[in-house]
file entry00.cif (mmCIF, C-alpha atoms)
data_work
#
loop_
_atom_site.label_atom_id
_atom_site.label_comp_id
_atom_site.auth_asym_id
_atom_site.auth_seq_id
_atom_site.Cartn_x
_atom_site.Cartn_y
_atom_site.Cartn_z
CA MET A 1 11.78 8.21 -10.62
CA ASN A 2 10.10 8.49 -13.99
CA GLY A 3 9.10 4.83 -13.99
CA GLY A 4 6.08 2.85 -15.04
CA GLN A 5 4.34 3.77 -11.81
CA ASP A 6 4.10 7.50 -12.62
CA LEU A 7 0.91 7.21 -14.65
CA GLY A 8 -0.96 10.49 -14.19
CA GLY A 9 -1.96 11.95 -17.57
CA MET A 10 -0.77 9.03 -19.72
CA GLN A 11 -3.14 8.26 -22.59
CA GLY A 12 -4.13 5.32 -24.74
CA PHE A 13 -5.17 2.73 -22.15
CA GLY A 14 -8.80 2.85 -23.22
CA PRO A 15 -11.80 3.08 -20.91
CA VAL A 16 -11.80 2.16 -17.23
CA VAL A 17 -13.60 -1.18 -17.08
CA GLU A 18 -15.10 -2.40 -13.84
CA GLU A 19 -15.47 -6.13 -13.35
CA ILE A 20 -18.95 -6.74 -12.00
CA ASN A 21 -18.97 -8.76 -8.74
CA GLU A 22 -15.20 -8.81 -8.81
CA PRO A 23 -13.72 -11.38 -6.42
CA GLN A 24 -11.21 -10.12 -3.85
CA TYR A 25 -8.49 -12.12 -5.64
CA HIS A 26 -8.26 -13.62 -9.12
CA ALA A 27 -6.08 -16.54 -8.03
CA ASP A 28 -5.08 -18.11 -4.74
CA TRP A 29 -1.52 -16.83 -5.12
CA GLU A 30 -2.77 -13.23 -5.08
CA ALA A 31 -4.19 -13.66 -1.57
CA ARG A 32 -0.96 -15.29 -0.37
CA ALA A 33 1.21 -12.60 -1.98
CA MET A 34 -0.86 -9.84 -0.31
CA ALA A 35 -0.60 -11.54 3.07
CA ILE A 36 3.14 -12.18 2.70
CA VAL A 37 3.73 -8.48 2.04
CA VAL A 38 1.62 -7.45 5.06
CA ALA A 39 3.21 -10.06 7.36
CA LEU A 40 6.79 -9.20 6.38
CA GLY A 41 6.27 -5.67 7.68
CA ALA A 42 6.80 -7.13 11.17
CA CYS A 43 10.39 -7.98 10.22
CA GLY A 44 11.14 -4.24 10.24
CA GLN A 45 13.62 -4.40 7.38
CA TRP A 46 12.08 -1.63 5.24
CA ASN A 47 9.54 1.19 5.40
CA ILE A 48 6.49 1.73 3.18
CA ASP A 49 8.34 4.21 0.97
CA GLN A 50 11.17 1.75 0.29
CA SER A 51 8.49 -0.81 -0.45
CA ARG A 52 6.91 1.51 -3.04
CA HIS A 53 10.31 2.27 -4.57
CA ALA A 54 11.09 -1.43 -4.96
CA ARG A 55 7.87 -1.82 -6.99
CA GLU A 56 8.45 1.22 -9.18
CA THR A 57 11.92 0.02 -10.22
CA LEU A 58 10.30 -2.77 -12.24
CA PRO A 59 10.91 -2.17 -15.97
CA PRO A 60 7.98 -0.02 -17.21
CA ALA A 61 6.76 -2.67 -19.68
CA ASP A 62 6.52 -5.15 -16.78
CA TYR A 63 4.92 -2.64 -14.44
CA LEU A 64 2.22 -1.84 -17.00
CA SER A 65 1.40 -5.46 -17.81
CA PHE A 66 1.78 -7.42 -14.55
CA PRO A 67 -1.23 -8.15 -12.34
CA TYR A 68 -1.02 -5.76 -9.38
CA TYR A 69 -0.20 -8.40 -6.79
CA ARG A 70 2.65 -9.62 -8.99
CA ILE A 71 4.10 -6.08 -8.76
CA TRP A 72 3.89 -6.43 -4.96
CA PHE A 73 5.47 -9.89 -5.09
CA GLU A 74 8.40 -8.80 -7.29
CA GLY A 75 8.92 -5.75 -5.06
CA VAL A 76 9.00 -7.64 -1.78
CA GLN A 77 11.28 -10.31 -3.23
CA LYS A 78 13.69 -7.60 -4.40
CA LEU A 79 13.71 -6.00 -0.91
CA MET A 80 14.51 -9.35 0.73
CA LEU A 81 17.27 -10.16 -1.78
CA GLU A 82 18.86 -6.73 -1.27
CA ARG A 83 18.93 -7.23 2.50
CA GLY A 84 20.23 -10.79 2.44
CA MET A 85 17.03 -12.13 4.00
CA ILE A 86 16.91 -14.54 1.09
CA HIS A 87 19.35 -15.41 -1.69
CA ALA A 88 18.73 -16.05 -5.39
CA GLU A 89 20.00 -19.63 -5.17
CA GLU A 90 17.49 -20.40 -2.41
CA LEU A 91 14.52 -19.62 -4.64
CA ASP A 92 14.95 -22.79 -6.69
CA GLY A 93 15.20 -24.85 -3.50
CA LYS A 94 18.79 -26.01 -4.03
CA LEU A 95 20.58 -24.22 -1.23
CA ARG A 96 19.81 -22.83 2.20
CA HIS A 97 21.50 -19.94 3.97
CA GLN A 98 21.00 -19.02 7.61
CA PRO A 99 18.28 -16.41 8.16
CA ILE A 100 19.42 -12.94 9.18
CA ALA A 101 18.29 -11.37 12.45
CA VAL A 102 15.05 -9.38 11.99
CA LYS A 103 12.94 -7.28 14.30
CA GLY A 104 10.14 -9.77 14.74
CA ARG A 105 7.63 -12.15 13.21
CA LEU A 106 3.87 -11.67 12.96
CA GLU A 107 2.10 -14.49 14.83
CA LYS A 108 -1.48 -15.50 14.10
CA GLU A 109 -2.86 -14.32 17.45
CA ASP A 110 -1.29 -10.87 16.94
CA VAL A 111 -2.67 -10.21 13.44
CA TRP A 112 -5.86 -8.38 14.39
CA THR A 113 -4.01 -6.15 16.86
CA ALA A 114 -1.21 -5.50 14.37
CA LEU A 115 -3.66 -4.45 11.67
CA HIS A 116 -5.18 -1.97 14.13
CA ALA A 117 -1.92 -0.66 15.50
CA LEU A 118 -1.74 2.35 13.16
CA GLY A 119 1.78 1.19 12.47
CA GLY A 120 1.93 3.27 9.34
CA ALA A 121 1.30 6.60 11.03
CA ALA A 122 3.53 9.09 9.22
CA GLU A 123 3.16 12.16 11.45
CA ARG A 124 6.26 13.13 13.46
CA PRO A 125 6.86 15.77 16.14
CA ALA A 126 7.79 19.15 14.68
CA ASP A 127 10.52 21.52 15.82
CA SER A 128 9.53 24.14 13.25
CA LYS A 129 6.40 25.97 12.11
CA PRO A 130 4.96 25.44 8.63
CA ALA A 131 6.43 28.01 6.24
CA PHE A 132 3.21 28.20 4.21
CA ALA A 133 -0.44 28.78 5.08
CA GLN A 134 -3.78 28.06 3.49
CA GLY A 135 -4.27 30.36 0.51
CA ASP A 136 -0.58 30.74 -0.36
CA ALA A 137 0.33 30.37 -4.04
CA VAL A 138 3.20 27.96 -4.65
CA THR A 139 5.10 26.62 -7.67
CA THR A 140 6.38 23.06 -7.67
CA ILE A 141 10.01 22.42 -8.48
CA ASN A 142 11.10 20.59 -11.61
CA ILE A 143 13.05 17.50 -10.60
CA ASN A 144 13.72 14.19 -12.33
CA PRO A 145 15.50 12.00 -9.78
CA THR A 146 16.25 8.37 -10.56
CA THR A 147 15.35 7.69 -6.92
CA HIS A 148 12.00 7.73 -5.08
CA THR A 149 9.85 10.87 -5.14
CA ARG A 150 6.15 11.54 -4.50
CA LEU A 151 6.08 14.57 -6.81
CA PRO A 152 4.64 13.11 -10.01
CA ARG A 153 5.74 14.24 -13.46
CA TYR A 154 2.44 15.88 -14.35
CA ALA A 155 2.65 18.27 -11.38
CA ARG A 156 6.24 19.51 -11.75
CA GLY A 157 6.78 23.19 -12.49
CA LYS A 158 3.09 23.97 -11.89
CA THR A 159 1.51 26.72 -9.80
CA GLY A 160 -1.25 25.97 -7.31
CA THR A 161 -2.73 27.07 -4.01
CA ILE A 162 -2.27 25.58 -0.54
CA THR A 163 -5.68 24.36 0.61
CA LYS A 164 -4.71 22.68 3.88
CA VAL A 165 -1.75 22.16 6.21
CA LEU A 166 -1.85 18.39 6.82
CA GLY A 167 0.88 17.99 9.42
CA HIS A 168 4.56 17.21 9.87
CA HIS A 169 5.14 13.90 8.08
CA VAL A 170 7.87 11.46 7.10
CA PHE A 171 9.33 12.69 3.79
CA PRO A 172 9.19 9.80 1.30
CA ASP A 173 11.79 11.39 -0.99
CA SER A 174 14.24 10.73 1.87
CA ALA A 175 12.69 7.72 3.62
CA GLY A 176 12.18 5.81 0.36
CA ASN A 177 15.87 6.20 -0.43
CA GLY A 178 17.25 4.94 2.88
CA LEU A 179 17.85 8.43 4.31
CA GLY A 180 15.64 8.14 7.40
CA ASP A 181 12.28 9.75 8.21
CA ASP A 182 13.52 13.31 7.58
CA PRO A 183 10.03 14.70 8.42
CA LYS A 184 8.78 17.83 6.62
CA TRP A 185 5.56 19.86 6.63
CA LEU A 186 2.91 18.32 4.41
CA TYR A 187 0.24 20.32 2.58
CA GLN A 188 -2.73 19.73 0.34
CA VAL A 189 -2.11 21.78 -2.81
CA ARG A 190 -4.83 22.48 -5.39
CA PHE A 191 -4.01 22.96 -9.07
CA SER A 192 -6.55 24.00 -11.68
CA ALA A 193 -7.06 21.48 -14.45
CA GLN A 194 -6.08 24.17 -16.96
CA GLU A 195 -2.76 24.79 -15.17
CA LEU A 196 -1.97 21.09 -15.38
CA TRP A 197 -3.38 20.23 -18.80
CA GLY A 198 -3.87 23.46 -20.75
CA GLU A 199 -6.74 25.38 -22.22
CA GLN A 200 -8.77 22.36 -23.30
CA ALA A 201 -9.34 21.31 -19.69
CA ASN A 202 -12.63 22.15 -17.97
CA PRO A 203 -12.21 25.60 -16.33
CA ARG A 204 -14.07 24.47 -13.19
CA ASP A 205 -12.09 21.30 -12.52
CA CYS A 206 -9.04 20.89 -10.30
CA VAL A 207 -6.67 18.28 -8.86
CA THR A 208 -5.21 18.26 -5.36
CA LEU A 209 -1.93 16.60 -4.44
CA ASP A 210 -0.43 16.15 -0.98
CA LEU A 211 3.08 17.61 -1.21
CA TRP A 212 5.90 18.31 1.23
CA GLU A 213 7.65 21.65 1.72
CA PRO A 214 10.75 20.73 -0.35
CA HIS A 215 8.48 20.10 -3.36
CA PHE A 216 7.60 23.76 -3.97
CA VAL A 217 8.58 27.42 -3.60
CA ARG A 218 6.50 30.54 -3.08
CA ALA A 219 4.94 31.60 -6.40
CA MET B 1 -10.20 -18.42 -8.25
CA SER B 2 -8.01 -21.17 -9.63
CA GLY B 3 -8.32 -23.48 -6.67
CA ASP B 4 -12.01 -23.56 -5.86
CA HIS B 5 -13.43 -25.61 -8.72
CA ASP B 6 -13.43 -29.33 -9.21
CA HIS B 7 -11.83 -30.75 -12.31
CA ASP B 8 -9.48 -33.54 -13.15
CA HIS B 9 -7.51 -32.23 -16.10
CA ASP B 10 -3.83 -31.52 -15.96
CA HIS B 11 -2.81 -28.43 -14.01
CA SER B 12 0.32 -27.68 -16.03
CA HIS B 13 -1.41 -24.59 -17.48
CA LEU B 14 -1.59 -23.03 -14.02
CA ASP B 15 -0.12 -19.60 -13.58
CA PRO B 16 3.60 -19.92 -12.85
CA MET B 17 2.99 -17.29 -10.18
CA ASP B 18 1.20 -19.92 -8.17
CA ALA B 19 4.39 -22.00 -7.93
CA ARG B 20 6.59 -18.97 -7.29
CA VAL B 21 4.45 -17.66 -4.44
CA ARG B 22 4.16 -21.11 -2.85
CA ALA B 23 7.93 -21.57 -3.06
CA LEU B 24 8.61 -18.18 -1.51
CA GLU B 25 6.10 -18.75 1.28
CA SER B 26 7.75 -22.09 2.12
CA LEU B 27 11.20 -20.55 2.10
CA LEU B 28 10.15 -17.66 4.34
CA ALA B 29 8.39 -20.00 6.77
CA GLU B 30 11.40 -22.28 6.89
CA LYS B 31 13.69 -19.33 7.61
CA GLY B 32 11.34 -18.16 10.36
CA TYR B 33 10.36 -14.81 8.84
CA ILE B 34 6.66 -15.60 8.52
CA GLU B 35 4.11 -17.87 10.15
CA PRO B 36 1.73 -19.31 7.48
CA THR B 37 -1.27 -19.38 9.83
CA ALA B 38 -0.81 -15.61 10.26
CA LEU B 39 -1.17 -15.27 6.48
CA ASP B 40 -4.48 -17.17 6.62
CA GLU B 41 -5.62 -14.76 9.32
CA ILE B 42 -4.65 -11.66 7.31
CA VAL B 43 -6.54 -12.93 4.24
CA GLN B 44 -9.57 -13.79 6.35
CA ILE B 45 -9.70 -10.41 8.10
CA TYR B 46 -9.68 -8.48 4.82
CA GLU B 47 -12.38 -10.79 3.44
CA THR B 48 -14.73 -10.58 6.38
CA ARG B 49 -13.99 -7.80 8.83
CA ILE B 50 -12.56 -4.80 6.99
CA GLY B 51 -14.46 -3.57 3.96
CA PRO B 52 -16.75 -0.91 2.49
CA ARG B 53 -19.43 -1.51 5.10
CA ASN B 54 -17.17 0.43 7.48
CA GLY B 55 -17.19 3.41 5.13
CA ALA B 56 -20.95 3.12 4.56
CA HIS B 57 -21.42 3.35 8.31
CA VAL B 58 -19.37 6.58 8.36
CA VAL B 59 -21.39 8.06 5.48
CA ALA B 60 -24.79 7.17 6.94
CA LYS B 61 -23.78 8.60 10.29
CA ALA B 62 -22.65 11.82 8.61
CA TRP B 63 -26.01 12.05 6.81
CA THR B 64 -28.05 11.55 9.97
CA GLU B 65 -25.96 13.29 12.64
CA PRO B 66 -24.95 16.90 11.87
CA ASP B 67 -22.48 16.92 14.78
CA PHE B 68 -20.70 13.90 13.37
CA ALA B 69 -20.64 15.46 9.88
CA GLN B 70 -19.00 18.54 11.40
CA ALA B 71 -16.51 16.40 13.32
CA LEU B 72 -15.61 14.63 10.05
CA LYS B 73 -14.97 17.98 8.36
CA ASP B 74 -12.90 19.25 11.30
CA ASP B 75 -10.80 16.13 11.94
CA ALA B 76 -11.74 13.07 9.90
CA THR B 77 -8.94 11.02 11.44
CA ALA B 78 -10.27 11.46 14.98
CA ALA B 79 -13.93 11.05 13.96
CA ILE B 80 -13.31 7.81 12.04
CA HIS B 81 -10.91 6.35 14.62
CA ALA B 82 -13.54 7.02 17.31
CA LEU B 83 -15.79 4.53 15.50
CA GLY B 84 -13.05 1.89 15.80
CA TYR B 85 -11.91 2.03 12.17
CA THR B 86 -8.23 2.37 12.90
CA SER B 87 -6.62 -0.23 10.66
CA ARG B 88 -3.59 0.38 8.49
CA GLN B 89 -3.95 2.60 5.41
CA GLY B 90 -6.33 4.69 7.49
CA GLU B 91 -3.86 6.40 9.81
CA HIS B 92 -4.48 9.89 8.38
CA MET B 93 -7.96 10.54 6.96
CA GLU B 94 -9.64 13.35 5.05
CA ALA B 95 -13.38 13.32 4.35
CA VAL B 96 -14.49 15.29 1.29
CA PHE B 97 -18.17 16.12 0.93
CA ASN B 98 -19.92 16.17 -2.43
CA SER B 99 -22.32 19.08 -2.95
CA ASP B 100 -24.42 20.65 -5.69
CA SER B 101 -21.34 22.64 -6.76
CA THR B 102 -18.43 20.17 -6.28
CA HIS B 103 -17.99 16.46 -6.97
CA HIS B 104 -14.95 14.73 -5.47
CA MET B 105 -13.07 11.74 -6.87
CA VAL B 106 -10.03 9.93 -5.43
CA VAL B 107 -7.07 8.33 -7.21
CA CYS B 108 -3.47 7.34 -6.52
CA THR B 109 -1.52 7.95 -9.72
CA LEU B 110 1.78 6.70 -8.24
CA CYS B 111 0.70 3.40 -6.64
CA SER B 112 -2.53 2.16 -5.08
CA CYS B 113 -3.08 4.27 -1.94
CA TYR B 114 -6.63 3.60 -0.75
CA PRO B 115 -8.40 3.92 2.63
CA TRP B 116 -8.26 0.25 3.64
CA SER B 117 -9.70 0.99 7.09
CA VAL B 118 -13.04 2.11 5.67
CA LEU B 119 -13.17 0.55 2.19
CA GLY B 120 -11.09 -2.64 2.49
CA LEU B 121 -8.71 -3.66 -0.30
CA PRO B 122 -9.09 -1.74 -3.57
CA PRO B 123 -10.74 -3.23 -6.66
CA THR B 124 -8.50 -4.05 -9.61
CA TRP B 125 -9.69 -1.12 -11.73
CA TYR B 126 -8.59 1.34 -9.02
CA LYS B 127 -5.02 -0.01 -9.14
CA SER B 128 -4.80 -0.37 -12.91
CA PRO B 129 -3.21 1.99 -15.46
CA PRO B 130 -6.45 3.08 -17.22
CA TYR B 131 -7.88 4.64 -14.05
CA ARG B 132 -4.64 5.94 -12.56
CA ALA B 133 -3.66 7.59 -15.86
CA LYS B 134 -7.04 9.05 -16.81
CA ALA B 135 -8.52 10.20 -13.49
CA VAL B 136 -6.37 13.33 -13.26
CA ILE B 137 -6.37 14.40 -16.94
CA ASP B 138 -9.92 13.39 -17.90
CA PRO B 139 -12.06 12.88 -14.80
CA ARG B 140 -15.28 13.48 -16.72
CA GLY B 141 -14.25 10.76 -19.16
CA VAL B 142 -13.70 8.39 -16.23
CA LEU B 143 -17.13 9.25 -14.86
CA ALA B 144 -18.61 8.53 -18.30
CA ASP B 145 -16.87 5.13 -18.26
CA PHE B 146 -18.83 4.42 -15.07
CA GLY B 147 -22.05 5.76 -16.58
CA THR B 148 -22.00 8.66 -14.12
CA VAL B 149 -23.23 12.04 -15.33
CA ILE B 150 -22.07 15.19 -13.54
CA GLY B 151 -23.32 18.50 -14.89
CA GLU B 152 -20.98 20.96 -16.60
CA ASP B 153 -21.85 23.48 -13.89
CA VAL B 154 -20.47 21.17 -11.17
CA ALA B 155 -16.71 21.32 -10.50
CA ILE B 156 -14.83 18.03 -10.38
CA GLU B 157 -12.12 17.98 -7.70
CA VAL B 158 -9.77 15.00 -8.01
CA HIS B 159 -7.60 14.05 -5.05
CA ASP B 160 -4.32 12.35 -5.97
CA SER B 161 -3.22 10.44 -2.83
CA THR B 162 0.49 11.21 -2.97
CA ALA B 163 1.06 11.10 0.82
CA GLU B 164 -0.25 8.93 3.68
CA THR B 165 -3.49 10.93 3.76
CA ARG B 166 -6.39 8.70 2.72
CA TYR B 167 -9.47 10.33 1.20
CA LEU B 168 -13.06 9.22 1.78
CA VAL B 169 -15.76 10.78 -0.39
CA ILE B 170 -19.04 11.51 1.41
CA PRO B 171 -21.60 11.23 -1.40
CA GLN B 172 -24.76 13.33 -1.44
CA ARG B 173 -27.69 11.73 0.29
CA PRO B 174 -30.17 10.74 -2.42
CA ALA B 175 -33.65 12.20 -2.62
CA GLY B 176 -36.39 9.88 -1.46
CA THR B 177 -34.57 8.71 1.68
CA GLU B 178 -36.22 11.11 4.10
CA GLY B 179 -36.96 9.41 7.39
CA TRP B 180 -34.74 6.41 6.70
CA SER B 181 -32.71 4.96 9.57
CA ALA B 182 -28.91 5.05 9.53
CA GLU B 183 -28.95 1.27 8.93
CA GLN B 184 -31.23 1.62 5.90
CA LEU B 185 -29.07 4.42 4.56
CA ALA B 186 -25.80 2.52 5.05
CA ALA B 187 -27.20 -0.30 2.91
CA ILE B 188 -27.45 1.93 -0.17
CA VAL B 189 -23.96 3.48 0.09
CA THR B 190 -21.76 1.84 -2.53
CA ARG B 191 -17.99 1.50 -2.52
CA ASN B 192 -17.71 3.42 -5.80
CA SER B 193 -19.72 6.34 -4.40
CA MET B 194 -17.11 6.65 -1.65
CA ILE B 195 -14.30 6.70 -4.27
CA GLY B 196 -16.30 9.23 -6.28
CA THR B 197 -16.84 7.32 -9.51
CA GLU B 198 -20.59 7.14 -9.02
CA THR B 199 -23.44 9.00 -7.36
CA LEU B 200 -26.34 7.52 -5.44
CA ALA B 201 -30.04 7.37 -6.29
CA VAL B 202 -32.98 5.36 -5.08
CA GLN B 203 -35.96 4.13 -7.07
CA SER B 204 -38.89 6.44 -6.45
#
call {"tool": "encode", "arguments": {"input": "entry00.cif", "output": "structure tokens"}}
result
Amino acid sequence: MNGGQDLGGMQGFGPVVEEINEPQYHADWEARAMAIVVALGACGQWNIDQSRHARETLPPADYLSFPYYRIWFEGVQKLMLERGMIHAEELDGKLRHQPIAVKGRLEKEDVWTALHALGGAAERPADSKPAFAQGDAVTTININPTTHTRLPRYARGKTGTITKVLGHHVFPDSAGNGLGDDPKWLYQVRFSAQELWGEQANPRDCVTLDLWEPHFVRA
Amino acid sequence: MSGDHDHDHDHSHLDPMDARVRALESLLAEKGYIEPTALDEIVQIYETRIGPRNGAHVVAKAWTEPDFAQALKDDATAAIHALGYTSRQGEHMEAVFNSDSTHHMVVCTLCSCYPWSVLGLPPTWYKSPPYRAKAVIDPRGVLADFGTVIGEDVAIEVHDSTAETRYLVIPQRPAGTEGWSAEQLAAIVTRNSMIGTETLAVQS
């Protein structure tokens, strides 16, 4: 979706400013919010793409102004409300509903193992061969779905070159919208800066994106 | 941090997020979805055990062991996992090597994808709109914001992390480090050099 998250190429934010000796968190709640999001993965009620989509549905003005961990917090709360894990009237402490059945709960002694479990591996067995090879010229499609996609606005309708076949991966444009893993071949695609941004861009520079087969056609 | 200083004035100015997150944590614990001590453990692990020292180890090893550098180029996932750096947001890795002709820089324009397994949790600037917006359209401007100068004759290649592939930049080994041990070298590898927003140098 063309939400506040799709930031590539937007202008007017001013310089990138690095905070020197930045602490890991700027408030205690940020650490708790991060950990809540990580821990709730064990409940198995959503995948990472649905999690990203929940965040990007925040109104753009909120997305652009909230601290990052608040974006995570609002996203995870939305996912739980949608699934009936929690209810709006519970948040003010007035009512309690029974919990729903979930896949599991992350216990303290399992945390280190869980963080090392490569649980987010996105590669899936393939029953097809990749239709494109390194060196092939491809043109991205022009789509503007209101649902989740990993093809950003700035790279739609652009021509680039396949630089690597990355594997057969879960397709977020399906998985993020509740349509299952729907794995597709994934490629690294290189676009010249001038193709993306016009003549004023540096002729040597380029941008690569990792895109799935449905995102482009042969140029 | 709001909670680690001593003072006795009224706390009513505290971020309302503090109350909201506490309330949600209590609710989730009461409903049995989370175990609060597991949250403590998650926070602690990302503060002490998973961070940019992991990535610095990878870089120093690549500088000192040509076979490992080749293994990183051939299959970064296998090479990095073999060192034990297998945590989440590091499932699929690509190592990109800076050279005299190409400088690499990594961004996630759509969210905050970052190689947690080798760099830990990302800094705020990496996740914020100024960097995510500017890195792809004006990478040389971003480098200038960091005080990094890359010659006009060097190509800038920006990697937008739109899939589960996580990119680690292998910076160029600075002059003046001949004969250094891998441990000495790892100590000078900065987080930003592995994102690509700075280059490395040592005092001569």
call {"tool": "residues_around", "arguments": {"input": "entry00.cif", "residues": "Thr57 (chain A)", "least_positions_apart": "6", "cutoff": "9 Å", "atoms": "only C-alpha atoms", "output": "list in words"}}
result
Met1, Gly3, Gly4, Gln5, Tyr63 and Gly75 of chain A
call {"tool": "resolve_selection", "arguments": {"input": "entry00.cif", "expression": "the PyMOL selection byres ((chain A) within 6 of (chain B))", "output": "list in words"}}
result
Gln5, Asp6, Leu7, Gly8, Gly9, Met10, Phe13, Val16, Glu18, His26, Ala27, Trp29, Ala35, Pro99, Arg105, Glu107, Lys108, Leu115, His116, Leu118, Ala121, Arg150, Arg204, Asp205, Cys206, Val207, Thr208, Leu209 and Asp210 of chain A
call {"tool": "atom_distance", "arguments": {"input": "entry00.cif", "atom1": "CA of Thr146 (chain A)", "atom2": "CA of Asn2 (chain A)"}}
result
7.0 Å
call {"tool": "atom_distance", "arguments": {"input": "entry00.cif", "atom1": "CA of Leu106 (chain A)", "atom2": "CA of Met80 (chain A)"}}
result
16.4 Å
call {"tool": "axis_aligned_box", "arguments": {"input": "entry00.cif", "around": "region 64-73 of chain B", "padding_each_side": "5 Å", "output": "lines of an AutoDock Vina configuration file"}}
result
center_x = -21.5
center_y = 15.0
center_z = 11.6
size_x = 23.1
size_y = 17.0
size_z = 16.4
call {"tool": "atom_distance", "arguments": {"input": "entry00.cif", "atom1": "CA of Pro23 (chain A)", "atom2": "CA of Val76 (chain A)"}}
result
23.5 Å
call {"tool": "residues_near_point", "arguments": {"input": "entry00.cif", "point": "(-32.0, 6.5, 9.4)", "cutoff": "12 Å", "atoms": "only C-alpha atoms", "output": "list in words"}}
result
His57, Val59, Ala60, Lys61, Ala62, Trp63, Thr64, Glu65, Arg173, Thr177, Glu178, Gly179, Trp180, Ser181, Ala182, Glu183, Gln184, Leu185, Ala186, Ala187 and Ile188 of chain B
call {"tool": "residues_around", "arguments": {"input": "entry00.cif", "residues": "Phe171 (chain A)", "least_positions_apart": "6", "cutoff": "8 Å", "atoms": "all atoms listed in the file", "output": "PDB file with C-alpha atoms, in the frame of the given file"}}
result
ATOM      1  CA  ASP A 181      12.280   9.750   8.210  1.00  0.00           C
ATOM      2  CA  ASP A 182      13.520  13.310   7.580  1.00  0.00           C
ATOM      3  CA  PRO A 183      10.030  14.700   8.420  1.00  0.00           C
ATOM      4  CA  LYS A 184       8.780  17.830   6.620  1.00  0.00           C
ATOM      5  CA  TRP A 212       5.900  18.310   1.230  1.00  0.00           C
TER       6      TRP A 212
END
call {"tool": "residues_around", "arguments": {"input": "entry00.cif", "residues": "Ala201 (chain B)", "least_positions_apart": "3", "cutoff": "10 Å", "atoms": "all atoms listed in the file", "output": "PyMOL selection string"}}
result
chain B and resi 172-177+188-189+198+204
call {"tool": "closest_residue", "arguments": {"input": "entry00.cif", "among": "A:Ala54, A:Ile143, A:Val170, A:Val138", "to": "Lys158 (chain A)", "atoms": "all atoms listed in the file"}}
result
A:Val138
call {"tool": "resolve_selection", "arguments": {"input": "entry00.cif", "expression": "the PyMOL selection byres ((chain A and resi 128-131) around 8)", "output": "tab-separated table (two decimals) with C-alpha atoms, in the frame of the given file"}}
result
chain	number	residue	atom	x	y	z
A	126	ALA	CA	7.79	19.15	14.68
A	127	ASP	CA	10.52	21.52	15.82
A	132	PHE	CA	3.21	28.20	4.21
A	133	ALA	CA	-0.44	28.78	5.08
A	165	VAL	CA	-1.75	22.16	6.21
A	185	TRP	CA	5.56	19.86	6.63
A	213	GLU	CA	7.65	21.65	1.72
call {"tool": "decode", "arguments": {"input": "entry00.cif", "residues": "region 60-95 of chain A", "atoms": "C-alpha atoms", "output": "CSV table (one decimal), in the first residue's frame"}}
result
chain,number,residue,atom,x,y,z
A,60,PRO,CA,0.8,8.4,7.4
A,61,ALA,CA,0.9,11.4,9.7
A,62,ASP,CA,1.2,9.1,12.7
A,63,TYR,CA,3.7,6.8,11.0
A,64,LEU,CA,6.0,9.7,10.2
A,65,SER,CA,5.8,11.2,13.7
A,66,PHE,CA,5.6,8.2,16.1
A,67,PRO,CA,8.8,6.9,17.8
A,68,TYR,CA,9.6,3.6,16.0
A,69,TYR,CA,8.7,1.3,18.9
A,70,ARG,CA,5.3,3.0,19.1
A,71,ILE,CA,4.7,2.0,15.5
A,72,TRP,CA,5.5,-1.6,16.6
A,73,PHE,CA,3.3,-1.3,19.6
A,74,GLU,CA,0.3,0.0,17.7
A,75,GLY,CA,0.8,-2.7,15.0
A,76,VAL,CA,1.0,-5.6,17.5
A,77,GLN,CA,-2.1,-4.3,19.4
A,78,LYS,CA,-4.0,-4.1,16.1
A,79,LEU,CA,-3.1,-7.7,15.2
A,80,MET,CA,-4.3,-8.9,18.6
A,81,LEU,CA,-7.5,-7.0,18.5
A,82,GLU,CA,-8.3,-8.3,15.0
A,83,ARG,CA,-7.7,-11.9,16.1
A,84,GLY,CA,-9.7,-11.6,19.3
A,85,MET,CA,-6.7,-12.2,21.5
A,86,ILE,CA,-7.6,-9.0,23.3
A,87,HIS,CA,-10.6,-6.7,23.2
A,88,ALA,CA,-10.8,-2.9,23.2
A,89,GLU,CA,-12.7,-2.9,26.5
A,90,GLU,CA,-10.0,-4.9,28.2
A,91,LEU,CA,-7.4,-2.2,27.5
A,92,ASP,CA,-8.8,0.1,30.2
A,93,GLY,CA,-8.9,-2.7,32.7
A,94,LYS,CA,-12.7,-2.8,33.1
A,95,LEU,CA,-13.5,-6.1,31.6
